[in-house]
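Trainee: Contents of data28.pdb (PDB, C-alpha atoms):
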```
ATOM      1  CA  MET A  39     -97.707-113.724  10.413
ATOM      2  CA  CYS A  40     -97.648-109.961  10.879
ATOM      3  CA  TYR A  41     -94.246-108.302  10.785
ATOM      4  CA  SER A  42     -94.971-104.972   9.045
ATOM      5  CA  ILE A  43     -97.706-102.429   9.762
ATOM      6  CA  SER A  44     -98.868 -98.904   8.939
ATOM      7  CA  PHE A  45     -99.765 -96.481  11.737
ATOM      8  CA  LEU A  46    -100.566 -92.919  10.695
ATOM      9  CA  GLN A  47    -102.273 -91.366  13.706
ATOM     10  CA  GLN A  48    -100.181 -88.641  15.350
ATOM     11  CA  LYS A  49    -102.700 -87.368  17.894
ATOM     12  CA  ALA A  50    -103.193 -89.515  20.971
ATOM     13  CA  LYS A  51    -106.413 -87.653  21.712
ATOM     14  CA  LYS A  52    -107.985 -88.760  18.445
ATOM     15  CA  LEU A  53    -106.902 -92.329  19.078
ATOM     16  CA  ALA A  54    -108.481 -92.180  22.520
ATOM     17  CA  GLU A  55    -111.742 -90.902  21.057
ATOM     18  CA  ARG A  56    -112.001 -93.990  18.860
ATOM     19  CA  TYR A  57    -111.321 -96.311  21.804
ATOM     20  CA  GLN A  58    -112.979 -94.335  24.594
ATOM     21  CA  GLY A  59    -115.256 -97.244  25.432
ATOM     22  CA  ILE A  60    -112.357 -99.439  26.562
ATOM     23  CA  LEU A  61    -109.890 -96.914  28.014
ATOM     24  CA  PRO A  62    -109.873 -95.884  31.689
ATOM     25  CA  PRO A  63    -111.238 -92.405  32.494
ATOM     26  CA  HIS A  64    -107.801 -90.875  33.115
ATOM     27  CA  TRP A  65    -106.092 -92.180  29.979
ATOM     28  CA  LYS A  66    -103.987 -89.021  29.599
ATOM     29  CA  ASP A  67    -102.153 -89.766  32.829
ATOM     30  CA  GLN A  68    -101.096 -93.128  31.436
ATOM     31  CA  LEU A  69     -99.686 -91.855  28.140
ATOM     32  CA  VAL A  70     -95.914 -91.891  27.684
ATOM     33  CA  LYS A  71     -95.174 -91.568  31.378
ATOM     34  CA  GLY A  72     -92.688 -88.859  32.155
ATOM     35  CA  SER A  73     -92.508 -87.394  28.661
ATOM     36  CA  GLY A  74     -95.431 -84.974  28.865
ATOM     37  CA  SER A  75     -96.075 -85.656  25.185
ATOM     38  CA  GLU A  76     -99.307 -86.589  23.453
ATOM     39  CA  THR A  77     -97.752 -86.789  19.980
ATOM     40  CA  LEU A  78     -97.380 -90.210  18.442
ATOM     41  CA  THR A  79     -94.900 -91.244  15.762
ATOM     42  CA  ALA A  80     -96.565 -92.009  12.428
ATOM     43  CA  TYR A  81     -95.325 -94.753  10.106
ATOM     44  CA  TYR A  82     -96.378 -95.489   6.550
ATOM     45  CA  PHE A  83     -94.432 -98.738   6.814
ATOM     46  CA  VAL A  84     -92.517-100.092   9.769
ATOM     47  CA  SER A  85     -91.071-103.539  10.361
ATOM     48  CA  GLY A  86     -91.370-105.297  13.667
ATOM     49  CA  PHE A  87     -87.707-106.264  13.408
ATOM     50  CA  ALA A  88     -86.883-102.588  14.023
ATOM     51  CA  HIS A  89     -88.710-102.956  17.374
ATOM     52  CA  PRO A  90     -90.560 -99.626  17.024
ATOM     53  CA  ASN A  91     -92.380 -98.044  19.958
ATOM     54  CA  LEU A  92     -96.106 -98.057  19.189
ATOM     55  CA  PRO A  93     -99.230 -97.064  21.152
ATOM     56  CA  LEU A  94    -100.630-100.086  22.964
ATOM     57  CA  LEU A  95    -104.139 -99.898  24.446
ATOM     58  CA  SER A  96    -105.183-101.764  27.547
ATOM     59  CA  ASP A  97    -107.299-101.233  30.635
ATOM     60  CA  GLU A  98    -104.291 -99.267  31.936
ATOM     61  CA  GLY A  99    -104.619 -96.664  29.165
ATOM     62  CA  ILE A 100    -102.411 -95.841  26.172
ATOM     63  CA  ARG A 101     -98.737 -96.641  26.585
ATOM     64  CA  LEU A 102     -95.865 -96.742  24.141
ATOM     65  CA  ALA A 103     -94.561-100.288  23.889
ATOM     66  CA  SER A 104     -91.740-101.900  21.957
ATOM     67  CA  TRP A 105     -92.728-104.461  19.332
ATOM     68  CA  GLY A 106     -91.261-107.734  20.576
ATOM     69  CA  LEU A 107     -92.394-109.174  23.910
ATOM     70  CA  ILE A 108     -89.694-109.779  26.502
ATOM     71  CA  PRO A 109     -90.948-112.133  29.224
ATOM     72  CA  HIS A 110     -90.359-110.865  32.731
ATOM     73  CA  TRP A 111     -88.170-113.883  33.520
ATOM     74  CA  ALA A 112     -85.482-113.154  30.877
ATOM     75  CA  ARG A 113     -82.252-113.417  32.881
ATOM     76  CA  ASP A 114     -80.174-110.628  31.317
ATOM     77  CA  ARG A 115     -80.061-108.111  28.456
ATOM     78  CA  ASP A 116     -78.448-110.506  25.996
ATOM     79  CA  ALA A 117     -81.207-113.046  26.589
ATOM     80  CA  ALA A 118     -83.898-110.351  26.449
ATOM     81  CA  MET A 119     -82.723-108.957  23.103
ATOM     82  CA  ARG A 120     -82.437-112.457  21.666
ATOM     83  CA  ILE A 121     -85.904-113.525  22.819
ATOM     84  CA  ARG A 122     -87.775-110.501  21.479
ATOM     85  CA  LYS A 123     -86.675-111.270  17.922
ATOM     86  CA  GLY A 124     -88.865-114.361  18.126
ATOM     87  CA  THR A 125     -91.840-112.835  19.940
ATOM     88  CA  LEU A 126     -93.038-110.252  17.412
ATOM     89  CA  ASN A 127     -95.921-112.656  16.846
ATOM     90  CA  ALA A 128     -97.631-115.090  19.201
ATOM     91  CA  ARG A 129     -99.215-118.099  17.506
ATOM     92  CA  GLY A 130    -102.764-118.207  18.862
ATOM     93  CA  GLU A 131    -102.994-121.986  18.921
ATOM     94  CA  THR A 132    -100.099-122.314  21.374
ATOM     95  CA  VAL A 133    -100.099-119.128  23.489
ATOM     96  CA  PHE A 134    -101.305-120.957  26.583
ATOM     97  CA  GLU A 135     -98.367-123.370  26.398
ATOM     98  CA  LYS A 136     -95.411-121.268  25.217
ATOM     99  CA  PRO A 137     -93.265-120.002  28.145
ATOM    100  CA  SER A 138     -92.934-116.503  26.669
ATOM    101  CA  PHE A 139     -96.719-116.017  26.397
ATOM    102  CA  ARG A 140     -98.567-118.282  28.809
ATOM    103  CA  GLN A 141     -98.708-115.742  31.652
ATOM    104  CA  ALA A 142     -99.395-112.753  29.417
ATOM    105  CA  VAL A 143    -102.316-114.402  27.622
ATOM    106  CA  ARG A 144    -104.156-114.839  30.909
ATOM    107  CA  ARG A 145    -104.183-111.248  32.161
ATOM    108  CA  GLN A 146    -101.927-109.081  29.964
ATOM    109  CA  ARG A 147    -103.880-108.691  26.735
ATOM    110  CA  ALA A 148    -103.874-105.441  24.774
ATOM    111  CA  ILE A 149    -104.806-103.862  21.450
ATOM    112  CA  LEU A 150    -102.543-102.360  18.810
ATOM    113  CA  PRO A 151    -104.508 -99.986  16.551
ATOM    114  CA  VAL A 152    -103.126 -99.894  12.995
ATOM    115  CA  ASN A 153    -104.299 -98.350   9.744
ATOM    116  CA  GLY A 154    -103.283-101.515   7.951
ATOM    117  CA  PHE A 155    -100.596-104.149   7.601
ATOM    118  CA  PHE A 156     -98.456-105.676   4.864
ATOM    119  CA  GLU A 157     -98.189-109.266   3.750
ATOM    120  CA  TRP A 158     -96.526-111.051   0.823
ATOM    121  CA  ARG A 159     -98.117-113.220  -1.882
ATOM    122  CA  GLU A 160     -96.044-115.700  -3.872
ATOM    123  CA  HIS A 161     -96.806-116.168  -7.571
ATOM    124  CA  GLU A 162     -94.635-117.943 -10.113
ATOM    125  CA  GLY A 163     -91.520-117.630  -7.992
ATOM    126  CA  ARG A 164     -91.945-113.946  -7.148
ATOM    127  CA  LYS A 165     -93.120-112.213  -3.992
ATOM    128  CA  TYR A 166     -95.704-109.435  -4.260
ATOM    129  CA  PRO A 167     -96.415-107.251  -1.225
ATOM    130  CA  TYR A 168    -100.002-106.331  -0.394
ATOM    131  CA  PHE A 169    -101.419-103.608   1.811
ATOM    132  CA  ILE A 170    -104.409-104.851   3.821
ATOM    133  CA  TYR A 171    -106.646-102.261   5.458
ATOM    134  CA  PRO A 172    -110.081-101.941   7.125
ATOM    135  CA  ARG A 173    -113.308-101.634   5.214
ATOM    136  CA  GLY A 174    -115.573 -99.138   6.946
ATOM    137  CA  ASP A 175    -113.268 -98.237   9.840
ATOM    138  CA  GLU A 176    -110.104 -96.233  10.330
ATOM    139  CA  TYR A 177    -108.284 -98.904  12.308
ATOM    140  CA  PHE A 178    -107.723-102.592  12.643
ATOM    141  CA  SER A 179    -107.623-103.532  16.339
ATOM    142  CA  LEU A 180    -104.910-106.171  16.552
ATOM    143  CA  GLY A 181    -105.041-108.488  19.547
ATOM    144  CA  CYS A 182    -101.727-108.442  21.428
ATOM    145  CA  LEU A 183    -100.020-109.756  24.540
ATOM    146  CA  TYR A 184     -97.594-107.702  26.623
ATOM    147  CA  ASP A 185     -95.091-108.080  29.421
ATOM    148  CA  ARG A 186     -92.658-105.904  31.359
ATOM    149  CA  TRP A 187     -88.993-106.756  31.676
ATOM    150  CA  THR A 188     -86.562-104.954  33.970
ATOM    151  CA  ASP A 189     -82.813-104.878  33.389
ATOM    152  CA  LYS A 190     -81.356-105.776  36.789
ATOM    153  CA  GLU A 191     -78.102-103.998  36.009
ATOM    154  CA  THR A 192     -79.496-100.635  34.878
ATOM    155  CA  GLY A 193     -83.042-100.630  36.266
ATOM    156  CA  GLU A 194     -84.442 -99.920  32.783
ATOM    157  CA  MET A 195     -87.951-101.276  32.272
ATOM    158  CA  ILE A 196     -89.076-102.321  28.779
ATOM    159  CA  LEU A 197     -92.748-102.740  27.991
ATOM    160  CA  GLY A 198     -92.930-105.099  25.013
ATOM    161  CA  PHE A 199     -95.710-106.777  23.058
ATOM    162  CA  GLY A 200     -96.370-109.479  20.485
ATOM    163  CA  ILE A 201     -99.236-109.660  17.989
ATOM    164  CA  VAL A 202    -101.399-112.758  18.232
ATOM    165  CA  THR A 203    -101.845-114.622  14.942
ATOM    166  CA  THR A 204    -104.382-117.136  13.714
ATOM    167  CA  ALA A 205    -105.240-119.211  10.665
ATOM    168  CA  ALA A 206    -106.044-117.059   7.630
ATOM    169  CA  ASN A 207    -109.518-116.261   6.348
ATOM    170  CA  PRO A 208    -110.137-116.916   2.608
ATOM    171  CA  LEU A 209    -108.862-113.471   1.560
ATOM    172  CA  MET A 210    -105.666-113.718   3.572
ATOM    173  CA  ALA A 211    -105.122-117.331   2.474
ATOM    174  CA  GLN A 212    -104.830-116.006  -1.088
ATOM    175  CA  ILE A 213    -102.383-113.268  -0.091
ATOM    176  CA  HIS A 214    -100.265-115.066   2.502
ATOM    177  CA  ASN A 215    -100.491-118.191   0.386
ATOM    178  CA  ARG A 216     -97.334-119.843   1.665
ATOM    179  CA  LYS A 217     -98.221-120.091   5.357
ATOM    180  CA  GLU A 218    -101.858-118.921   5.384
ATOM    181  CA  ARG A 219    -101.680-116.916   8.609
ATOM    182  CA  MET A 220    -102.996-113.501   9.643
ATOM    183  CA  PRO A 221    -103.017-111.253  12.714
ATOM    184  CA  LEU A 222    -105.857-111.498  15.191
ATOM    185  CA  ILE A 223    -108.180-108.647  14.207
ATOM    186  CA  LEU A 224    -110.781-107.865  16.842
ATOM    187  CA  THR A 225    -114.208-106.633  15.803
ATOM    188  CA  PRO A 226    -115.483-103.505  17.644
ATOM    189  CA  GLY A 227    -117.756-105.740  19.693
ATOM    190  CA  GLY A 228    -114.844-107.933  20.737
ATOM    191  CA  GLU A 229    -112.352-105.267  21.806
ATOM    192  CA  LYS A 230    -113.613-104.848  25.357
ATOM    193  CA  ALA A 231    -113.924-108.605  25.849
ATOM    194  CA  TRP A 232    -110.284-109.101  24.789
ATOM    195  CA  LEU A 233    -109.128-106.720  27.531
ATOM    196  CA  ASP A 234    -111.269-108.334  30.232
ATOM    197  CA  LYS A 235    -108.821-109.746  32.795
ATOM    198  CA  GLU A 236    -111.526-111.998  34.192
ATOM    199  CA  ALA A 237    -112.071-113.821  30.885
ATOM    200  CA  SER A 238    -111.505-117.570  31.187
ATOM    201  CA  ARG A 239    -109.041-119.568  29.125
ATOM    202  CA  GLU A 240    -111.930-120.974  27.107
ATOM    203  CA  GLU A 241    -113.350-117.507  26.458
ATOM    204  CA  VAL A 242    -109.975-116.167  25.334
ATOM    205  CA  SER A 243    -109.386-119.158  23.085
ATOM    206  CA  GLN A 244    -112.750-118.607  21.401
ATOM    207  CA  MET A 245    -111.762-115.007  20.581
ATOM    208  CA  ILE A 246    -108.660-116.141  18.687
ATOM    209  CA  LYS A 247    -110.137-116.628  15.249
ATOM    210  CA  ALA A 248    -109.938-115.118  11.784
ATOM    211  CA  CYS A 249    -111.609-111.784  11.127
ATOM    212  CA  PRO A 250    -114.418-111.980   8.521
ATOM    213  CA  GLU A 251    -112.957-111.108   5.130
ATOM    214  CA  GLU A 252    -115.808-108.703   4.372
ATOM    215  CA  LEU A 253    -114.295-106.319   6.933
ATOM    216  CA  MET A 254    -111.045-106.106   4.943
ATOM    217  CA  GLU A 255    -109.707-104.545   1.750
ATOM    218  CA  ALA A 256    -106.393-105.323   0.054
ATOM    219  CA  HIS A 257    -104.315-104.345  -2.975
ATOM    220  CA  PRO A 258    -100.798-105.069  -4.248
ATOM    221  CA  VAL A 259     -98.129-102.425  -3.623
ATOM    222  CA  SER A 260     -94.589-101.744  -4.830
ATOM    223  CA  ARG A 261     -92.124-104.632  -4.879
ATOM    224  CA  SER A 262     -89.530-102.150  -3.624
ATOM    225  CA  LEU A 263     -90.873-103.100  -0.185
ATOM    226  CA  ASN A 264     -89.193-106.478  -0.631
ATOM    227  CA  ASN A 265     -85.776-104.908   0.001
ATOM    228  CA  ALA A 266     -85.146-103.813   3.586
ATOM    229  CA  ARG A 267     -82.311-101.570   2.376
ATOM    230  CA  ASN A 268     -84.832 -99.295   0.641
ATOM    231  CA  ASP A 269     -86.528 -96.393   2.394
ATOM    232  CA  ARG A 270     -89.907 -98.068   2.866
ATOM    233  CA  ASN A 271     -91.401 -95.543   5.265
ATOM    234  CA  THR A 272     -92.984 -93.387   2.560
ATOM    235  CA  ALA A 273     -96.566 -92.721   1.490
ATOM    236  CA  SER A 274     -95.942 -94.664  -1.714
ATOM    237  CA  ALA A 275     -95.666 -97.851   0.366
ATOM    238  CA  MET A 276     -99.456 -97.913   0.615
ATOM    239  CA  GLU A 277    -100.239 -97.039  -3.025
ATOM    240  CA  ALA A 278    -101.820 -99.654  -5.280
ATOM    241  CA  VAL A 279     -99.654-101.072  -8.082
ATOM    242  CA  HIS A 280    -100.875-103.143 -11.034
ATOM    243  CA  TYR A 281     -98.808-106.155 -12.100
ATOM    244  CA  ALA A 282     -99.445-107.753 -15.468
ATOM    245  CA  GLY A 283     -99.866-111.492 -15.005
ATOM    246  CA  LEU A 284    -100.683-111.314 -11.270
ATOM    247  CA  PRO A 285    -104.151-112.849 -10.883
ATOM    248  CA  PRO A 286    -106.668-110.660  -9.037
ATOM    249  CA  LEU A 287    -107.928-111.738  -5.634
ATOM    250  CA  SER A 288    -111.230-113.564  -5.813
TER     251      SER A 288
END
```
Would you write out, as structure tokens, the structure that this file holds?
Mentor:
Amino acid sequence: MCYSISFLQQKAKKLAERYQGILPPHWKDQLVKGSGSETLTAYYFVSGFAHPNLPLLSDEGIRLASWGLIPHWARDRDAAMRIRKGTLNARGETVFEKPSFRQAVRRQRAILPVNGFFEWREHEGRKYPYFIYPRGDEYFSLGCLYDRWTDKETGEMILGFGIVTTAANPLMAQIHNRKERMPLILTPGGEKAWLDKEASREEVSQMIKACPEELMEAHPVSRSLNNARNDRNTASAMEAVHYAGLPPLS
């Protein structure tokens, strides 16, 4: 599962520098069409259930997309809003079969760059949030699927995405110890391959696997993140907290 992330980059240009090897030459023309803005919204903590607009990278460039994929065939706005609550994540084992994802996984794959993500560990009846972040890189490149949905009544087009998930690696199995899942984290060598529209079903399936744990760091953070009524979008959301009696990760 991956329902909460941290994204701190405010300059689209800097983001493009990191991913210049996979972006088209004229990436600026693709950014936030019509707004004329290159400034991105930073989040210390943001939940997917708020459906935030985040920078999604594909062979089309950098575009702001709403977290929660709405398949193009959704019949009306009520159906679209209902569906996207269940498409924040796309289970990697079934993406080729699920109606909401089976077209997108073939040719509409993208990358969501994040500075880290949050997951919860259960211990003795309590939930402890953890911040998981890259070791040796500024970003995790999360493998995503996207689709475009157009409201027939208003003409509004919504670009939405879901994060692909896979079985957890040993580190994430300790943290997300109830369901043992994690987001698909692409290695730098796998980013371009993920965006390749000519990749076969077999090739895509082989990419959907757990990231090596040696590329990740993690520490427990404040349990105040457990309550959605709290202001969680603060720098303290990422700060390490020590809990007496909580066993360290092995």
Trainee: For the structure provided, state which residues fall under the PyMOL selection byres ((chain A and resi 230) around 10), and present them as a PyMOL selection string.
Mentor: chain A and resi 57+59-61+96-97+148-149+224-229+231-234
Trainee: Please expand the PyMOL selection byres ((chain A and resi 253) around 9) into the concrete residues it hits in this file, giving the result as a list in words.
Mentor: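 That expression, the PyMOL selection byres ((chain A and resi 253) around 9), corresponds here to Tyr171, Pro172, Arg173, Gly174, Asp175, Thr225, Cys249, Pro250, Glu251, Glu252, Met254 and Glu255 of chain A.
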Trainee: Residues within 6 Å of Tyr81 of chain A, please, as number ranges by chain. Count all atoms listed in the file; anything in the same chain fewer than 3 positions from it doesn't count.
Mentor: A: 44-46
Trainee: Restrict the selected residues to C-alpha atoms and save them as a JSON list (two decimals), keeping the file's coordinate frame.
Mentor:
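Everything below was put into part03.json:
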```
[["chain", "number", "residue", "atom", "x", "y", "z"],
["A", 44, "SER", "CA", -98.87, -98.90, 8.94],
["A", 45, "PHE", "CA", -99.76, -96.48, 11.74],
["A", 46, "LEU", "CA", -100.57, -92.92, 10.70]]
```
Trainee: Using only C-alpha atoms, pick whichever of A:Val143, A:Ala282, A:Met39, A:Leu92 has the shortest atom-to-atom distance to Ala237 of chain A.
Mentor: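 The closest residue to Ala237 of chain A is A:Val143.
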Trainee: Translate the PyMOL selection byres ((chain A and resi 283) around 12), as applied to the file shown, into an explicit residue set as a PDB file with C-alpha atoms, in the coordinates of the input.
Mentor:
```pdb
ATOM      1  CA  HIS A 161     -96.806-116.168  -7.571  1.00  0.00           C
ATOM      2  CA  GLU A 162     -94.635-117.943 -10.113  1.00  0.00           C
ATOM      3  CA  ARG A 164     -91.945-113.946  -7.148  1.00  0.00           C
ATOM      4  CA  TYR A 166     -95.704-109.435  -4.260  1.00  0.00           C
ATOM      5  CA  HIS A 280    -100.875-103.143 -11.034  1.00  0.00           C
ATOM      6  CA  TYR A 281     -98.808-106.155 -12.100  1.00  0.00           C
ATOM      7  CA  ALA A 282     -99.445-107.753 -15.468  1.00  0.00           C
ATOM      8  CA  LEU A 284    -100.683-111.314 -11.270  1.00  0.00           C
ATOM      9  CA  PRO A 285    -104.151-112.849 -10.883  1.00  0.00           C
ATOM     10  CA  PRO A 286    -106.668-110.660  -9.037  1.00  0.00           C
TER      11      PRO A 286
END
```
Trainee: To one decimal place in Å, what is the distance between atom CA of Gln146 of chain A and atom CA of Tyr82 of chain A?
Mentor: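 Pair atom CA of Gln146 of chain A / atom CA of Tyr82 of chain A returns 27.6 Å.
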Trainee: Please identify all polymer residues within 8 Å of segment 183-200 of chain A, counting only C-alpha atoms, omitting same-chain residues fewer than 4 positions from it, and present them as a list in words.
Mentor: Leu102, Ala103, Ser104, Trp105, Gly106, Leu107, Ile108, Pro109, His110, Trp111, Ala112, Asp114, Arg115, Thr125, Leu126, Asn127, Ala128, Phe139, Ala142, Val143, Gln146, Arg147 and Ala148 of chain A
Trainee: Pick from A:Cys182, A:Leu287, A:Ile43, A:Ile246: nearest to Asn215 of chain A, with only C-alpha atoms counted?
Mentor: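 Nearest candidate to Asn215 of chain A out of A:Cys182, A:Leu287, A:Ile43, A:Ile246: A:Leu287.
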Trainee: What does the structure give for the distance between atom CA of Ile223 of chain A and atom CA of Arg122 of chain A, in Å to one decimal?
Mentor: 21.7 Å
Trainee: Work out how far atom CA of Asn264 of chain A is from atom CA of His89 of chain A, in Å to one decimal.
Mentor: 18.4 Å
Trainee: Of the candidates A:Ser85, A:Ser274, A:Thr79, A:Gln212, which one gets nearest to Arg159 of chain A if we count all atoms listed in the file?
Mentor: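 Going through A:Ser85, A:Ser274, A:Thr79, A:Gln212 one by one, the smallest distance to Arg159 of chain A is for A:Gln212.
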Trainee: If the box runs along x, y and z of the file and leaves 3 Å on each side of segment 200-205 of chain A, what are its centre and edge lengths in Å, one decimal, as JSON?
Mentor:
```
{"center_x": -100.8, "center_y": -114.3, "center_z": 15.6, "size_x": 14.9, "size_y": 15.7, "size_z": 15.8}
```
Trainee: Using all atoms listed in the file, which residue out of A:Pro221, A:Gly181, A:Gly154, A:Pro137 lies closest to Leu95 of chain A?
Mentor: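 The closest residue to Leu95 of chain A is A:Gly181.
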Trainee: I'd like the contact shell of Arg261 of chain A - 9 Å cut-off, all atoms listed in the file, skipping same-chain residues fewer than 3 positions apart - returned as a ChimeraX atom specification.
Mentor: /A:165-167,258,264-265,279
Trainee: If we count only C-alpha atoms and set the cut-off at 9 Å, which residues sit around Met210 of chain A, ignoring sequence neighbours fewer than 6 positions away in its own chain? Please answer as a VMD selection string.
Mentor: chain A and resid 157 170 218 to 220 251
Trainee: Using all atoms listed in the file, can you tell me which of A:Arg56, A:Met276, A:Phe83, A:Ser138 comes closest to Val259 of chain A?
Mentor: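 Of A:Arg56, A:Met276, A:Phe83, A:Ser138, the one nearest Val259 of chain A, counting all atoms listed in the file, is A:Met276.
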Trainee: Considering only C-alpha atoms, can you say which of A:Gln48, A:Gly124, A:Ala88, A:Thr272 comes closest to Ile201 of chain A?
Mentor: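 Among the listed residues, the smallest separation from Ile201 of chain A belongs to A:Gly124.
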Trainee: Residues at most 8 Å from Arg129 of chain A, counting all atoms listed in the file, excluding those fewer than 6 positions away in the same chain, as a ChimeraX atom specification?
Mentor: /A:202-204
